[in-house]
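Raw entry05.cif, mmCIF, C-alpha atoms:
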```cif
data_model
loop_
_atom_site.group_PDB
_atom_site.id
_atom_site.type_symbol
_atom_site.label_atom_id
_atom_site.label_comp_id
_atom_site.auth_asym_id
_atom_site.auth_seq_id
_atom_site.Cartn_x
_atom_site.Cartn_y
_atom_site.Cartn_z
ATOM 1 C CA MET A 1 108.284 88.356 100.900
ATOM 2 C CA THR A 2 109.935 90.047 97.963
ATOM 3 C CA ASP A 3 111.577 93.430 98.388
ATOM 4 C CA LEU A 4 109.355 96.083 99.865
ATOM 5 C CA GLN A 5 108.805 99.088 97.602
ATOM 6 C CA ILE A 6 107.600 102.471 98.873
ATOM 7 C CA ARG A 7 105.980 104.732 96.307
ATOM 8 C CA ALA A 8 103.535 107.596 96.038
ATOM 9 C CA ALA A 9 99.979 106.627 95.134
ATOM 10 C CA THR A 10 98.424 107.721 91.852
ATOM 11 C CA PRO A 11 94.767 108.369 91.013
ATOM 12 C CA ALA A 12 94.657 104.914 89.403
ATOM 13 C CA ASP A 13 95.338 103.391 92.857
ATOM 14 C CA ALA A 14 92.180 104.815 94.473
ATOM 15 C CA GLU A 15 89.997 101.690 94.379
ATOM 16 C CA ALA A 16 92.835 99.401 95.489
ATOM 17 C CA VAL A 17 93.697 101.765 98.354
ATOM 18 C CA LEU A 18 90.075 101.810 99.519
ATOM 19 C CA ALA A 19 89.934 98.001 99.445
ATOM 20 C CA PHE A 20 93.218 97.863 101.370
ATOM 21 C CA TRP A 21 91.950 100.304 104.031
ATOM 22 C CA LYS A 22 88.732 98.332 104.413
ATOM 23 C CA GLU A 23 90.795 95.270 105.350
ATOM 24 C CA SER A 24 93.685 96.905 107.173
ATOM 25 C CA ALA A 25 92.796 100.289 108.690
ATOM 26 C CA GLU A 26 90.881 101.153 111.847
ATOM 27 C CA GLY A 27 87.573 102.966 111.416
ATOM 28 C CA THR A 28 86.119 104.849 108.473
ATOM 29 C CA SER A 29 86.173 108.398 107.167
ATOM 30 C CA ILE A 30 83.738 110.545 105.215
ATOM 31 C CA SER A 31 86.537 110.836 102.632
ATOM 32 C CA ASP A 32 86.695 107.077 102.033
ATOM 33 C CA ASP A 33 85.582 107.075 98.431
ATOM 34 C CA VAL A 34 87.278 107.155 95.044
ATOM 35 C CA HIS A 35 86.759 110.901 94.726
ATOM 36 C CA GLY A 36 88.327 111.565 98.154
ATOM 37 C CA VAL A 37 91.441 109.470 97.499
ATOM 38 C CA THR A 38 91.809 110.826 93.961
ATOM 39 C CA ARG A 39 91.480 114.406 95.183
ATOM 40 C CA LEU A 40 94.192 113.787 97.803
ATOM 41 C CA VAL A 41 96.762 112.423 95.345
ATOM 42 C CA GLU A 42 95.958 115.018 92.684
ATOM 43 C CA ARG A 43 96.408 117.861 95.194
ATOM 44 C CA ASP A 44 99.662 116.506 96.622
ATOM 45 C CA ARG A 45 101.258 113.776 94.516
ATOM 46 C CA GLU A 46 103.496 112.563 97.369
ATOM 47 C CA ALA A 47 101.043 112.694 100.291
ATOM 48 C CA LEU A 48 99.766 109.108 100.106
ATOM 49 C CA LEU A 49 102.643 106.673 100.441
ATOM 50 C CA LEU A 50 102.101 103.002 99.662
ATOM 51 C CA ALA A 51 104.174 99.973 100.566
ATOM 52 C CA GLU A 52 104.033 97.173 98.012
ATOM 53 C CA ALA A 53 105.265 93.595 98.262
ATOM 54 C CA ASP A 54 104.452 90.508 96.268
ATOM 55 C CA GLY A 55 102.336 92.639 93.903
ATOM 56 C CA LEU A 56 100.058 93.841 96.724
ATOM 57 C CA ILE A 57 99.506 97.054 98.620
ATOM 58 C CA VAL A 58 100.651 95.953 102.076
ATOM 59 C CA GLY A 59 100.911 99.328 103.810
ATOM 60 C CA SER A 60 99.944 102.978 103.631
ATOM 61 C CA VAL A 61 100.409 106.307 105.349
ATOM 62 C CA ILE A 62 99.094 109.728 104.463
ATOM 63 C CA ALA A 63 101.894 112.246 105.032
ATOM 64 C CA GLY A 64 100.036 115.544 104.809
ATOM 65 C CA TRP A 65 102.032 118.768 104.707
ATOM 66 C CA ASP A 66 100.193 122.079 104.680
ATOM 67 C CA GLY A 67 103.286 124.268 104.692
ATOM 68 C CA TRP A 68 103.046 124.733 108.452
ATOM 69 C CA ARG A 69 102.527 121.338 110.035
ATOM 70 C CA ALA A 70 103.256 117.709 109.197
ATOM 71 C CA HIS A 71 100.289 115.410 109.788
ATOM 72 C CA LEU A 72 100.186 111.609 109.607
ATOM 73 C CA TYR A 73 97.024 109.642 108.944
ATOM 74 C CA ARG A 74 96.011 106.162 107.873
ATOM 75 C CA LEU A 75 99.152 104.305 108.856
ATOM 76 C CA ALA A 76 98.014 100.766 108.153
ATOM 77 C CA VAL A 77 99.579 97.429 107.305
ATOM 78 C CA LEU A 78 97.851 94.399 105.811
ATOM 79 C CA PRO A 79 97.242 92.025 108.742
ATOM 80 C CA SER A 80 99.152 89.127 107.168
ATOM 81 C CA TYR A 81 102.206 91.411 106.686
ATOM 82 C CA ARG A 82 102.367 92.940 110.156
ATOM 83 C CA ARG A 83 105.444 92.719 112.395
ATOM 84 C CA ARG A 84 107.830 92.907 109.426
ATOM 85 C CA GLY A 85 108.949 96.531 109.770
ATOM 86 C CA ILE A 86 106.571 97.910 107.135
ATOM 87 C CA SER A 87 105.125 100.652 109.340
ATOM 88 C CA THR A 88 108.650 101.681 110.387
ATOM 89 C CA THR A 89 109.681 101.922 106.725
ATOM 90 C CA LEU A 90 106.573 103.944 105.848
ATOM 91 C CA LEU A 91 107.122 106.316 108.766
ATOM 92 C CA ARG A 92 110.752 106.811 107.796
ATOM 93 C CA ALA A 93 109.667 107.742 104.253
ATOM 94 C CA ALA A 94 106.992 110.131 105.585
ATOM 95 C CA GLU A 95 109.401 111.777 108.025
ATOM 96 C CA ASP A 96 112.036 112.156 105.286
ATOM 97 C CA ARG A 97 109.387 113.851 103.129
ATOM 98 C CA PHE A 98 108.521 116.254 105.925
ATOM 99 C CA ARG A 99 112.168 117.124 106.601
ATOM 100 C CA ALA A 100 112.749 117.820 102.899
ATOM 101 C CA LEU A 101 109.740 120.173 102.934
ATOM 102 C CA GLY A 102 110.968 122.008 106.049
ATOM 103 C CA GLY A 103 108.833 120.242 108.620
ATOM 104 C CA ARG A 104 110.019 120.389 112.221
ATOM 105 C CA ARG A 105 107.520 118.151 113.969
ATOM 106 C CA ALA A 106 105.033 115.502 112.881
ATOM 107 C CA ASP A 107 101.796 114.576 114.574
ATOM 108 C CA ALA A 108 99.559 111.557 114.206
ATOM 109 C CA MET A 109 95.900 110.989 114.900
ATOM 110 C CA VAL A 110 95.232 107.707 116.672
ATOM 111 C CA LEU A 111 91.845 106.426 117.752
ATOM 112 C CA GLU A 112 91.513 106.322 121.521
ATOM 113 C CA ALA A 113 90.448 102.659 121.372
ATOM 114 C CA ASN A 114 93.318 101.618 119.071
ATOM 115 C CA GLU A 115 95.748 100.249 121.652
ATOM 116 C CA THR A 116 97.861 98.527 118.983
ATOM 117 C CA GLY A 117 98.229 101.812 117.125
ATOM 118 C CA GLN A 118 99.096 103.703 120.300
ATOM 119 C CA GLY A 119 101.845 101.186 121.035
ATOM 120 C CA LEU A 120 103.199 101.488 117.507
ATOM 121 C CA TRP A 121 103.349 105.292 117.648
ATOM 122 C CA THR A 122 105.002 105.198 121.067
ATOM 123 C CA ALA A 123 107.617 102.713 119.822
ATOM 124 C CA ALA A 124 108.259 105.019 116.827
ATOM 125 C CA GLY A 125 109.143 107.880 119.205
ATOM 126 C CA TYR A 126 105.837 109.775 119.178
ATOM 127 C CA GLY A 127 104.404 111.030 122.461
ATOM 128 C CA ARG A 128 100.782 111.501 123.401
ATOM 129 C CA GLU A 129 99.725 115.085 124.088
ATOM 130 C CA ASP A 130 96.724 114.950 126.401
ATOM 131 C CA HIS A 131 96.326 118.731 126.542
ATOM 132 C CA TRP A 132 95.033 118.776 122.938
ATOM 133 C CA ARG A 133 91.543 117.856 121.763
ATOM 134 C CA ARG A 134 90.258 117.836 118.237
ATOM 135 C CA TRP A 135 87.147 119.810 117.262
ATOM 136 C CA VAL A 136 85.343 118.581 114.145
ATOM 137 C CA LYS A 137 82.633 120.018 111.920
ATOM 138 C CA PRO A 138 81.542 118.244 108.702
ATOM 139 C CA LEU A 139 81.549 120.558 105.683
ATOM 140 C CA THR A 140 79.427 118.441 103.350
ATOM 141 C CA ASP A 141 75.839 117.242 103.343
ATOM 142 C CA GLN A 142 77.209 113.697 103.526
ATOM 143 C CA GLY A 143 78.794 114.503 106.888
ATOM 144 C CA ALA A 144 76.063 116.860 108.158
ATOM 145 C CA GLY A 145 74.545 116.262 111.529
ATOM 146 C CA ALA A 146 76.132 114.953 114.651
ATOM 147 C CA PRO A 147 79.565 113.356 114.322
ATOM 148 C CA ARG A 148 79.571 109.571 114.318
ATOM 149 C CA PRO A 149 81.505 108.016 117.224
ATOM 150 C CA HIS A 150 83.006 105.315 114.944
ATOM 151 C CA ASP A 151 84.280 107.801 112.347
ATOM 152 C CA THR A 152 88.093 107.857 112.222
ATOM 153 C CA ASP A 153 88.009 111.533 111.266
ATOM 154 C CA GLN A 154 86.741 112.422 114.737
ATOM 155 C CA GLY A 155 89.795 111.448 116.765
ATOM 156 C CA ALA A 156 90.036 111.555 120.528
ATOM 157 C CA GLY A 157 88.088 114.241 122.304
ATOM 158 C CA ALA A 158 85.669 114.946 119.473
ATOM 159 C CA PRO A 159 82.156 115.947 120.457
ATOM 160 C CA ARG A 160 79.695 113.095 120.713
ATOM 161 C CA PRO A 161 75.962 113.192 120.071
ATOM 162 C CA HIS A 162 73.906 113.845 123.209
ATOM 163 C CA GLY A 163 73.881 110.811 125.469
ATOM 164 C CA GLN A 164 76.998 109.210 123.937
ATOM 165 C CA GLY A 165 79.720 111.151 125.661
#
```
Rewrite the coordinates I just gave you, this time as structure tokens.
Amino acid sequence: MTDLQIRAATPADAEAVLAFWKESAEGTSISDDVHGVTRLVERDREALLLAEADGLIVGSVIAGWDGWRAHLYRLAVLPSYRRRGISTTLLRAAEDRFRALGGRRADAMVLEANETGQGLWTAAGYGREDHWRRWVKPLTDQGAGAPRPHDTDQGAGAPRPHGQG
């Protein structure tokens, strides 16, 4: 592997990021389209961090900062590049970003069924907080109706359609 480069995504990366997530990330989101990724990087040019090696996107993390809290989403590494320290490097870059912005604590959303992800976050020094649950309401027609159990945007503890909880 050539040197790993960490950089902020640009709008031109949207399609490549979506293809990368399809292969490397757990679950799907109602924001998984070119418009959603483009809107993210246009709103906050440093929020979507990409790891590149050998001319490929091999890792990503969304490091969202709203001025109050530091949120981490979509930490993913290309399967053939896992166990090489890429997620650690991405997390370090995200945490450095948060510190520079005044962040005091970061949180991550991890699917309940993603045991690999839970192990990674634990190894990175993050602790599970079981006293929190996430409440979700779609704001678009595309996401209207009952939340989908497989949707990454639901997180642990999200309401399930009747009979699925």
Test item: residues at most 10 Å from Arg97 (chain A), all atoms listed in the file, excluding those fewer than 5 positions along its chain, as a VMD selection string: chain A and resid 46 to 47 63 to 65 70 91 to 92 102 to 103
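Between CA of Arg134 (chain A) and CA of Leu48 (chain A) the interatomic distance comes to 22.3 Å.
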Matched chain/residue IDs from the PyMOL selection byres ((chain A and resi 120) around 12), as a VMD selection string: chain A and resid 75 to 77 82 to 83 85 to 88 91 108 110 114 to 119 121 to 128
Can you write out the residues you just picked, keeping C-alpha atoms, as a tab-separated table (two decimals), in the coordinates of the input?
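again_24.tsv was written with the following content:
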```tsv
chain	number	residue	atom	x	y	z
A	75	LEU	CA	99.15	104.30	108.86
A	76	ALA	CA	98.01	100.77	108.15
A	77	VAL	CA	99.58	97.43	107.30
A	82	ARG	CA	102.37	92.94	110.16
A	83	ARG	CA	105.44	92.72	112.40
A	85	GLY	CA	108.95	96.53	109.77
A	86	ILE	CA	106.57	97.91	107.14
A	87	SER	CA	105.12	100.65	109.34
A	88	THR	CA	108.65	101.68	110.39
A	91	LEU	CA	107.12	106.32	108.77
A	108	ALA	CA	99.56	111.56	114.21
A	110	VAL	CA	95.23	107.71	116.67
A	114	ASN	CA	93.32	101.62	119.07
A	115	GLU	CA	95.75	100.25	121.65
A	116	THR	CA	97.86	98.53	118.98
A	117	GLY	CA	98.23	101.81	117.12
A	118	GLN	CA	99.10	103.70	120.30
A	119	GLY	CA	101.84	101.19	121.04
A	121	TRP	CA	103.35	105.29	117.65
A	122	THR	CA	105.00	105.20	121.07
A	123	ALA	CA	107.62	102.71	119.82
A	124	ALA	CA	108.26	105.02	116.83
A	125	GLY	CA	109.14	107.88	119.20
A	126	TYR	CA	105.84	109.78	119.18
A	127	GLY	CA	104.40	111.03	122.46
A	128	ARG	CA	100.78	111.50	123.40
```
Using only C-alpha atoms, what residues lie at most 12 Å away from (93.1, 108.5, 88.1) (file coordinates), given as a PDB file with C-alpha atoms, in the coordinates of the input?
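Below is the file that was written, part_31.pdb:
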```
ATOM      1  CA  ALA A   9      99.979 106.627  95.134  1.00  0.00           C
ATOM      2  CA  THR A  10      98.424 107.721  91.852  1.00  0.00           C
ATOM      3  CA  PRO A  11      94.767 108.369  91.013  1.00  0.00           C
ATOM      4  CA  ALA A  12      94.657 104.914  89.403  1.00  0.00           C
ATOM      5  CA  ASP A  13      95.338 103.391  92.857  1.00  0.00           C
ATOM      6  CA  ALA A  14      92.180 104.815  94.473  1.00  0.00           C
ATOM      7  CA  GLU A  15      89.997 101.690  94.379  1.00  0.00           C
ATOM      8  CA  ALA A  16      92.835  99.401  95.489  1.00  0.00           C
ATOM      9  CA  VAL A  34      87.278 107.155  95.044  1.00  0.00           C
ATOM     10  CA  HIS A  35      86.759 110.901  94.726  1.00  0.00           C
ATOM     11  CA  GLY A  36      88.327 111.565  98.154  1.00  0.00           C
ATOM     12  CA  VAL A  37      91.441 109.470  97.499  1.00  0.00           C
ATOM     13  CA  THR A  38      91.809 110.826  93.961  1.00  0.00           C
ATOM     14  CA  ARG A  39      91.480 114.406  95.183  1.00  0.00           C
ATOM     15  CA  LEU A  40      94.192 113.787  97.803  1.00  0.00           C
ATOM     16  CA  VAL A  41      96.762 112.423  95.345  1.00  0.00           C
ATOM     17  CA  GLU A  42      95.958 115.018  92.684  1.00  0.00           C
ATOM     18  CA  ARG A  45     101.258 113.776  94.516  1.00  0.00           C
TER      19      ARG A  45
END
```
Each side padded by 5 Å, which centre and which edge lengths in Å (one decimal) define the axis-aligned box around the listed atoms of region 137-142 of chain A? Give them as AutoDock Vina command-line options.
```
--center_x 79.2 --center_y 117.1 --center_z 107.6 --size_x 16.8 --size_y 16.9 --size_z 18.6
```
Pairwise distance for CA of Lys22 (chain A) and CA of Arg84 (chain A), rounded to one decimal in Å: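 Straight-line distance from CA of Lys22 (chain A) to CA of Arg84 (chain A) works out to 20.5 Å.
Within 10 Å of Glu52 (chain A), once all atoms listed in the file are used and residues closer than 6 positions along the same chain are dropped, the contacting residues are Thr2, Asp3, Leu4, Gln5, Ile6, Arg7, Val58, Gly59, Ser60 and Ile86 of chain A.
Candidate residues A:Ala51, A:Ala106, A:Glu23, A:Asp33 were compared for distance to Trp68 (chain A), and the nearest is A:Ala106, using all atoms listed in the file.
Between CA of Asp44 (chain A) and CA of Pro138 (chain A) the interatomic distance comes to 21.8 Å.
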Option closest in space to Leu49 (chain A), from A:Glu26, A:Glu95, A:Glu112, A:Asp32 [counting all atoms listed in the file]: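 Between A:Glu26, A:Glu95, A:Glu112, A:Asp32, the residue approaching Leu49 (chain A) most closely is A:Glu95.
Considering the residues A:Ala100, A:Met109, A:Ile57, A:Ala19 and counting only C-alpha atoms, Leu72 (chain A) has its shortest atom-to-atom contact with A:Met109.
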